[in-house]
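One structure below.
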Amino acid sequence: MTPRVKEWGLSSASTYPKSQRLGQTEEAHRAACDNAKGLKAFYDAIKYGPNHLMVFGGVCPSVTSIIAESLQGWNLVQLSFAATTPVLADKKKYPYFFRTVPSDNAVNPAILKLLKHFRWRRVGTLTQDVQRFSEVRNDLTGVLYGEDIEISDTESFSNDPCTSVKKLKGNDVRIILGQFDQNMAAKVFCCAFEESMFGSKYQWIIPGWYEPAWWEQVHVEANSSRCLRRSLLAAMEGYIGVDFEPLSSKQIKTISGKTPQQYEREYNSKRSGVGPSKFHGYAYDGIWVIAKTLQRAMETLHASSRHQRIQDFNYTDHTLGKIILNAMNETNFFGVTGQVVFRNGERMGTIKFTQFQDSREVKVGEYNAVADTLEIINDTIRFQGSEPPKDKTIILEQLRKISLPLYSILSALTILGMIMASAFLFFNIKNRNQKLIKMSSPYMNNLIILGGMLSYASIFLFGLDGSFVSEKTFETLCTVRTWILTVGYTTAFGAMFAKTWRVHAIFKNVKMKKKIIKDQKLLVIVGGMLLIDLCILICWQAVDPLRRTVERYSMEPDPAGRDISIRPLLEHCENTHMTIWLGIVYAYKGLLMLFGCFLAWETRNVSIPALNDSKYIGMSVYNVGIMCIIGAAVSFLTRDQPNVQFCIVALVIIFCSTITLCLVFVPKLITLRTNPDAATQNRRFQFTQNQKKEDSKTSTSVTSVNQASTSRLEGLQSENHRLRMKITELDKDLEEVTMQLQDTPEKTTYIKQNHYQELNDILSLGNFTESTDGGKAILKNHLDQNPQLQWNTTEPSRTCKDPIEDINSPEHIQRRLSLQLPILHHAYLPSIGGVDASCVSPCVSPTASPRHRHVPPSFRVMVSGL
């Protein structure tokens, strides 16, 4: 039955008309507050009315707080059903104040439970500069602090919330706890839309006591701030509202014998057109609280020995006042609003959670303060992402690794290259005694192969990163792979350049001195180059060693669409003065390549392919230079992409090593398989002197150890070939002049003056031939050993008597012709078939003319290699 509280002297402290008391919202109640009328009504009831046992009511915070503070002097207990202001929770100041409605602070334990449920450990607050909201925020700060939940930013605003919203975004606040009224809520969400603080990455938690469909009432104001209604709704989508539950959702009978649903139907049928109030259930339960309190107080008085009645209560009776106060604290029953229990005067009620979904609010869960439990209604709460938003930008540090398939493919190519190099090494060792291979210095070829294999091996080390090895091992690999690649490069190209230098040294020896350069000297040269490398590398390692450094890049969105950000990490091998050390290495290698280019250019005309690789060395240097420049530039530009960088570096090394090895060995392999003697065929020449009985024979076999003499003879071959054409043209004139001198020597004194220039031209030809290495060696050798030899000279004595006489006089011309023309004739005729090179004396056929048989056999010349 409904308690009859009126006959027990219950005093109501409401300050607005009865018709409005239970038919308005909380905001309307606050607007209707009149402090003067409320206080006057209370004091009139105390002064002129009968003694009252309790005070029921109080909605306006200003009126309720004044009354509650003064009730201790009258020993009166006050029970409010609508005052939610947190300030009334101070029991030291308001010891006789109770309320059936949960205070605004009652939502904070519910929020804490919600944050824990979704594992949100980092939040931010946005508060309107109003005392009520500030008090809730301060209480929330204390609640969260004790539960190890970080409030990363606390922002407040008076009129324009956009600045505060920007600060929240700048501090990476993803979970925002708002405390503001519904008018400011529209502005807040408009600012959130402008800052893109909505959607799957953000979660707004705001008060849930706004009017139903409040966004419909404020959209005009929102439009005035350049925020369209659809923008406002888009920003609001998914927000969670927190407020106390007006009526319990449990379908069980209450203390009145009715279920909450039955009570609601009865209430709606009897309010007769008055607007619904969210406090009606708390007012109903409040009456039952008073009834149960007075009942327990009477039972207490009845059990005592004082025989005092409750009607005997007066404002100075502290004992009865305490009995009523204790009875109020012992209240515990199930009402239409849920379990009614007080803890320090505060109602331990039920808090509901609603979510804005598709332009309407949907209940998604509730929090029971008595049991401290949170219940989320299945499949009702919806997040715009695949999972609840994160409480901050989750930064997943991800080491950028080299793709395993890419590493496998390039490793396979490297293995094929090493197999090819091994095949070339086997070929070079097996055929090291062949003329073709022996001429090309097999030891140097082995070094070239070794350098290529070292370069190949460095690719395996460049592909090993943090996904394969530990940090300490990676730091060791930084040094090892640098040493291997540097030594491999110097070994391969140093050997090639040493071979080219030997060819250059031999064929540029204009003095025709015997010059032998053995492989041991070439090994010393390569060793010197490697020694320079080792000095640089040792100094590098000792002074400024390579270390493992980790470079952090800017955050990137998750490719899988998760609410996380990826911060790429990339391992590098670096040191303090990386640029200086690389500059030293690049400068040295660059000078080595320039030196190789110079040698290749100088020996480009040497016509022995087996001996000279200058053409292939030039091609190798060109390819390596271009690829290294391109590879270094692309590698530097793609240093933040390890897969691309590794691919470029590996392909450059594979290409350069493969091209170099193929250019050096493939022509030899083809030549050896098709025509093994073609590269070593060479004509020989011998020359003897009349004053020496020993024949100086030069072995031109390319299989001998003396490769220097062979190289010199090949140089003479090239020069003699150019002279052959000129000698052929002048041979006829030489023979005619010789026959005239031998048949009619007396006529030489009558040679006409206009023939002198022609004879001088012929002599100039002899002098020209002397300017070459071959001709000079032959003619000068003969003349030096026969200085006094004269043939058919008309005036032999004049050569010594008048040395300062004009050398172009007819006598001198005749004397030079008689001496030099036969020498030139017999020296060069074998090359064009005039004289058999094997004859002891100039051979003549039986049918030859007498003037041919008249040539004196004064010397023998054998020409080889023409």
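For the structure tokens, the naming scheme is as follows: chains receive sequential letters (A, B, ...) according to their order of presentation, residues are indexed from 1 within each chain, and ligands are indexed from 1 in presentation order.
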
Pull the closest atom pair for each residue of stretch 388-481 of chain A that gets at most 10 Å from stretch 559-563 of chain A, along with the distance in Å to one decimal, counting only C-alpha atoms, ordering rows by chain and then ascending residue number, as a tab-separated table.
```
residue	atom	partner	partner_atom	distance
A:Pro388	CA	A:Asp563	CA	8.8
A:Pro389	CA	A:Asp563	CA	6.8
A:Lys390	CA	A:Asp563	CA	6.8
A:Lys392	CA	A:Asp563	CA	9.5
A:Thr393	CA	A:Asp563	CA	7.7
A:Ile394	CA	A:Asp563	CA	7.5
A:Ile395	CA	A:Asp563	CA	9.8
```

Q.
Need to verify the contact set: A:Lys253, 9 Å, only C-alpha atoms, exclusion of same-chain residues closer than 3 positions in sequence. Can you return it as a PyMOL selection string?
A. chain A and resi 250+256-260+334-336

* Asked: Running DSSP on the backbone, which parts of stretch 387-435 of chain A land in alpha helix (DSSP H), as a list in words?
  ->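 DSSP-assigned alpha helix (DSSP H) residues in stretch 387-435 of chain A: Leu404, Pro405, Leu406, Tyr407, Ser408, Ile409, Leu410, Ser411, Ala412, Leu413, Thr414, Ile415, Leu416, Gly417, Met418, Ile419, Met420, Ala421, Ser422, Ala423, Phe424, Leu425, Phe426, Phe427, Asn428, Ile429, Lys430 and Lys435 of chain A.
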
If you keep C-alpha atoms, can you produce a file of those selected residues as a JSON list (two decimals), in the first residue's frame?
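Result file follows (result_6.json):
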```json
[["chain", "number", "residue", "atom", "x", "y", "z"],
["A", 404, "LEU", "CA", 62.59, -13.40, -47.75],
["A", 405, "PRO", "CA", 61.46, -14.24, -51.34],
["A", 406, "LEU", "CA", 63.58, -11.35, -52.66],
["A", 407, "TYR", "CA", 66.57, -12.48, -50.64],
["A", 408, "SER", "CA", 66.07, -16.03, -51.89],
["A", 409, "ILE", "CA", 65.89, -14.98, -55.55],
["A", 410, "LEU", "CA", 68.99, -12.78, -55.39],
["A", 411, "SER", "CA", 70.85, -15.43, -53.40],
["A", 412, "ALA", "CA", 70.02, -17.95, -56.11],
["A", 413, "LEU", "CA", 71.41, -15.59, -58.76],
["A", 414, "THR", "CA", 74.50, -15.07, -56.62],
["A", 415, "ILE", "CA", 75.02, -18.82, -56.31],
["A", 416, "LEU", "CA", 74.77, -19.17, -60.08],
["A", 417, "GLY", "CA", 77.38, -16.43, -60.44],
["A", 418, "MET", "CA", 79.70, -18.20, -58.00],
["A", 419, "ILE", "CA", 79.21, -21.47, -59.90],
["A", 420, "MET", "CA", 80.15, -19.67, -63.11],
["A", 421, "ALA", "CA", 83.24, -18.20, -61.42],
["A", 422, "SER", "CA", 84.17, -21.64, -60.14],
["A", 423, "ALA", "CA", 83.84, -23.01, -63.68],
["A", 424, "PHE", "CA", 86.15, -20.28, -64.99],
["A", 425, "LEU", "CA", 88.64, -21.09, -62.21],
["A", 426, "PHE", "CA", 88.56, -24.77, -63.13],
["A", 427, "PHE", "CA", 89.02, -23.88, -66.80],
["A", 428, "ASN", "CA", 91.93, -21.56, -66.01],
["A", 429, "ILE", "CA", 93.72, -24.11, -63.82],
["A", 430, "LYS", "CA", 93.15, -27.02, -66.18],
["A", 435, "LYS", "CA", 99.70, -21.21, -74.95]]
```

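Distances from A:Ala457, A:Met184, A:Leu53, A:Val362 to A:Ile290 were compared using only C-alpha atoms, and the smallest one belongs to A:Leu53.
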
Exercise for the section: Please indicate the distance in Å from atom CA of A:Ser455 to atom CA of A:Ala505, rounded to one decimal place. Expected result: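 About the pair atom CA of A:Ser455 and atom CA of A:Ala505: they are 29.3 Å apart.
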
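The shortest atom-to-atom distance to A:Lys91, with only C-alpha atoms taken into account, belongs to A:Asn344 out of A:Ser200, A:Thr473, A:Asn344, A:Asn75.
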
Would you mind writing down, as an NGL selection string, each residue of stretch 75-324 of chain A that DSSP on the backbone assigns to strand (DSSP E or B)? :A and (77-80 or 97-99 or 122-128 or 150-157 or 175-179 or 203-207 or 240-244)

Just-selected residues, N, CA, C and O atoms written as a CSV table (one decimal), in the first residue's frame:
```csv
chain,number,residue,atom,x,y,z
A,77,VAL,N,15.7,15.4,9.0
A,77,VAL,CA,16.3,14.7,7.9
A,77,VAL,C,15.6,15.1,6.6
A,77,VAL,O,14.4,15.1,6.6
A,78,GLN,N,16.5,15.4,5.6
A,78,GLN,CA,15.9,15.8,4.3
A,78,GLN,C,16.2,14.8,3.3
A,78,GLN,O,17.3,14.2,3.2
A,79,LEU,N,15.2,14.5,2.5
A,79,LEU,CA,15.3,13.5,1.4
A,79,LEU,C,14.9,14.2,0.1
A,79,LEU,O,13.7,14.6,-0.1
A,80,SER,N,15.8,14.3,-0.9
A,80,SER,CA,15.5,14.9,-2.2
A,80,SER,C,15.4,13.8,-3.3
A,80,SER,O,16.1,12.8,-3.2
A,97,PHE,N,21.3,15.1,5.0
A,97,PHE,CA,20.8,15.2,3.6
A,97,PHE,C,20.9,13.8,3.0
A,97,PHE,O,22.0,13.2,3.0
A,98,PHE,N,19.8,13.4,2.4
A,98,PHE,CA,19.7,12.2,1.6
A,98,PHE,C,19.0,12.5,0.3
A,98,PHE,O,18.3,13.4,0.1
A,99,ARG,N,19.3,11.6,-0.7
A,99,ARG,CA,18.6,11.7,-2.0
A,99,ARG,C,18.4,10.4,-2.6
A,99,ARG,O,19.3,9.5,-2.6
A,122,ARG,N,44.0,5.7,-21.3
A,122,ARG,CA,44.4,7.1,-21.5
A,122,ARG,C,43.2,7.9,-22.1
A,122,ARG,O,42.7,7.5,-23.1
A,123,VAL,N,42.9,8.9,-21.4
A,123,VAL,CA,41.7,9.7,-21.7
A,123,VAL,C,42.0,11.2,-21.6
A,123,VAL,O,43.1,11.6,-21.1
A,124,GLY,N,41.1,12.0,-22.1
A,124,GLY,CA,41.2,13.4,-22.0
A,124,GLY,C,39.8,14.0,-21.6
A,124,GLY,O,38.8,13.4,-21.9
A,125,THR,N,39.8,15.1,-20.9
A,125,THR,CA,38.5,15.7,-20.5
A,125,THR,C,38.3,17.0,-21.2
A,125,THR,O,39.2,17.8,-21.4
A,126,LEU,N,37.0,17.3,-21.5
A,126,LEU,CA,36.6,18.6,-22.1
A,126,LEU,C,35.4,19.1,-21.3
A,126,LEU,O,34.4,18.5,-21.3
A,127,THR,N,35.6,20.2,-20.5
A,127,THR,CA,34.6,20.6,-19.5
A,127,THR,C,34.2,22.1,-19.8
A,127,THR,O,35.0,22.9,-20.1
A,128,GLN,N,32.9,22.3,-19.7
A,128,GLN,CA,32.4,23.6,-19.8
A,128,GLN,C,32.6,24.3,-18.4
A,128,GLN,O,32.5,23.7,-17.4
A,150,GLU,N,45.3,7.2,-17.1
A,150,GLU,CA,45.9,8.5,-17.3
A,150,GLU,C,45.0,9.5,-17.9
A,150,GLU,O,44.3,9.2,-18.9
A,151,ILE,N,44.9,10.7,-17.3
A,151,ILE,CA,44.2,11.8,-18.0
A,151,ILE,C,45.3,12.6,-18.7
A,151,ILE,O,46.0,13.5,-18.0
A,152,SER,N,45.5,12.4,-19.9
A,152,SER,CA,46.6,13.0,-20.7
A,152,SER,C,46.4,14.5,-20.9
A,152,SER,O,47.3,15.2,-21.1
A,153,ASP,N,45.1,15.0,-20.9
A,153,ASP,CA,44.9,16.4,-21.2
A,153,ASP,C,43.6,16.8,-20.5
A,153,ASP,O,42.6,16.0,-20.6
A,154,THR,N,43.5,17.9,-19.9
A,154,THR,CA,42.3,18.5,-19.3
A,154,THR,C,42.1,19.9,-19.9
A,154,THR,O,42.9,20.8,-19.7
A,155,GLU,N,41.0,20.0,-20.7
A,155,GLU,CA,40.6,21.2,-21.4
A,155,GLU,C,39.3,21.7,-20.9
A,155,GLU,O,38.4,20.9,-20.6
A,156,SER,N,39.2,23.0,-20.8
A,156,SER,CA,37.9,23.7,-20.4
A,156,SER,C,37.6,24.9,-21.3
A,156,SER,O,38.6,25.4,-21.9
A,157,PHE,N,36.4,25.3,-21.5
A,157,PHE,CA,36.0,26.3,-22.4
A,157,PHE,C,34.8,27.1,-21.8
A,157,PHE,O,34.0,26.5,-21.0
A,175,ILE,N,40.0,9.1,-26.5
A,175,ILE,CA,38.9,8.9,-25.7
A,175,ILE,C,38.6,10.2,-24.9
A,175,ILE,O,39.4,10.6,-24.1
A,176,ILE,N,37.5,10.9,-25.3
A,176,ILE,CA,37.2,12.2,-24.7
A,176,ILE,C,36.0,12.1,-23.8
A,176,ILE,O,34.9,11.6,-24.2
A,177,LEU,N,36.2,12.5,-22.5
A,177,LEU,CA,35.1,12.6,-21.5
A,177,LEU,C,34.6,14.0,-21.4
A,177,LEU,O,35.4,14.9,-20.9
A,178,GLY,N,33.4,14.2,-21.9
A,178,GLY,CA,32.9,15.6,-22.0
A,178,GLY,C,31.9,15.9,-20.8
A,178,GLY,O,31.2,15.0,-20.4
A,179,GLN,N,31.9,17.1,-20.4
A,179,GLN,CA,31.0,17.6,-19.4
A,179,GLN,C,30.5,19.0,-19.8
A,179,GLN,O,31.2,20.0,-19.6
A,203,GLN,N,36.3,8.2,-29.6
A,203,GLN,CA,35.1,7.8,-28.8
A,203,GLN,C,34.8,9.0,-27.8
A,203,GLN,O,35.6,9.3,-27.0
A,204,TRP,N,33.6,9.5,-28.0
A,204,TRP,CA,33.1,10.6,-27.1
A,204,TRP,C,32.2,10.0,-26.1
A,204,TRP,O,31.3,9.2,-26.4
A,205,ILE,N,32.4,10.4,-24.8
A,205,ILE,CA,31.5,10.0,-23.7
A,205,ILE,C,31.0,11.3,-23.0
A,205,ILE,O,31.8,12.0,-22.5
A,206,ILE,N,29.7,11.5,-23.1
A,206,ILE,CA,29.2,12.8,-22.6
A,206,ILE,C,28.0,12.5,-21.7
A,206,ILE,O,27.6,11.4,-21.6
A,207,PRO,N,27.5,13.6,-21.1
A,207,PRO,CA,26.3,13.3,-20.2
A,207,PRO,C,25.1,12.8,-21.0
A,207,PRO,O,24.9,13.2,-22.2
A,240,ILE,N,28.7,8.0,-26.6
A,240,ILE,CA,28.0,7.3,-25.6
A,240,ILE,C,27.6,8.3,-24.5
A,240,ILE,O,28.4,9.1,-24.0
A,241,GLY,N,26.3,8.2,-24.1
A,241,GLY,CA,25.8,9.1,-23.1
A,241,GLY,C,25.7,8.3,-21.8
A,241,GLY,O,25.3,7.1,-21.8
A,242,VAL,N,26.0,8.9,-20.7
A,242,VAL,CA,25.9,8.3,-19.3
A,242,VAL,C,25.0,9.1,-18.4
A,242,VAL,O,25.1,10.3,-18.3
A,243,ASP,N,24.0,8.4,-17.9
A,243,ASP,CA,23.0,9.0,-17.0
A,243,ASP,C,22.4,8.0,-16.1
A,243,ASP,O,22.6,6.8,-16.4
A,244,PHE,N,21.7,8.4,-15.0
A,244,PHE,CA,21.1,7.4,-14.2
A,244,PHE,C,19.8,6.9,-14.9
A,244,PHE,O,19.2,7.5,-15.7
```

Hey, can you check how far atom CA of A:Lys499 sits from atom CA of A:Cys597?
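Value for the atom CA of A:Lys499-atom CA of A:Cys597 distance: 12.9 Å.
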
Write out as number ranges by chain each polymer residue whose atoms come within 12 Å of A:Phe353, counting only C-alpha atoms; drop sequence neighbours fewer than 2 positions from it. A: 107, 110-111, 113-114, 205-209, 238-245, 350-351, 355-356, 361-368, 374-377, 380-381

How would the residues just picked look written out with C-alpha atoms as a tab-separated table (two decimals), in the first residue's frame?
```
chain	number	residue	atom	x	y	z
A	107	VAL	CA	28.31	8.40	-13.19
A	110	ALA	CA	30.24	3.77	-14.13
A	111	ILE	CA	32.61	5.54	-16.53
A	113	LYS	CA	33.95	0.51	-15.26
A	114	LEU	CA	33.33	1.25	-18.94
A	205	ILE	CA	31.53	9.98	-23.68
A	206	ILE	CA	29.16	12.79	-22.65
A	207	PRO	CA	26.27	13.35	-20.21
A	208	GLY	CA	23.12	11.42	-21.06
A	209	TRP	CA	20.56	13.63	-19.35
A	238	GLY	CA	28.70	6.62	-31.95
A	239	TYR	CA	28.94	8.87	-28.89
A	240	ILE	CA	28.05	7.26	-25.55
A	241	GLY	CA	25.78	9.06	-23.08
A	242	VAL	CA	25.94	8.31	-19.34
A	243	ASP	CA	23.04	9.05	-16.98
A	244	PHE	CA	21.07	7.44	-14.17
A	245	GLU	CA	18.32	4.99	-15.08
A	350	THR	CA	21.74	2.21	-11.61
A	351	ILE	CA	23.58	4.07	-14.40
A	355	GLN	CA	24.78	5.22	-27.80
A	356	PHE	CA	23.88	7.49	-30.67
A	361	GLU	CA	19.84	6.96	-28.86
A	362	VAL	CA	19.94	3.24	-28.09
A	363	LYS	CA	20.52	1.76	-24.66
A	364	VAL	CA	23.62	-0.40	-24.80
A	365	GLY	CA	24.35	-1.23	-21.14
A	366	GLU	CA	23.93	-0.37	-17.50
A	367	TYR	CA	26.03	-0.20	-14.36
A	368	ASN	CA	24.80	-1.45	-11.00
A	374	LEU	CA	28.73	-3.47	-15.73
A	375	GLU	CA	26.40	-5.22	-18.13
A	376	ILE	CA	26.76	-4.57	-21.87
A	377	ILE	CA	23.70	-5.56	-23.84
A	380	THR	CA	23.76	-3.37	-29.28
A	381	ILE	CA	26.90	-1.30	-28.93
```
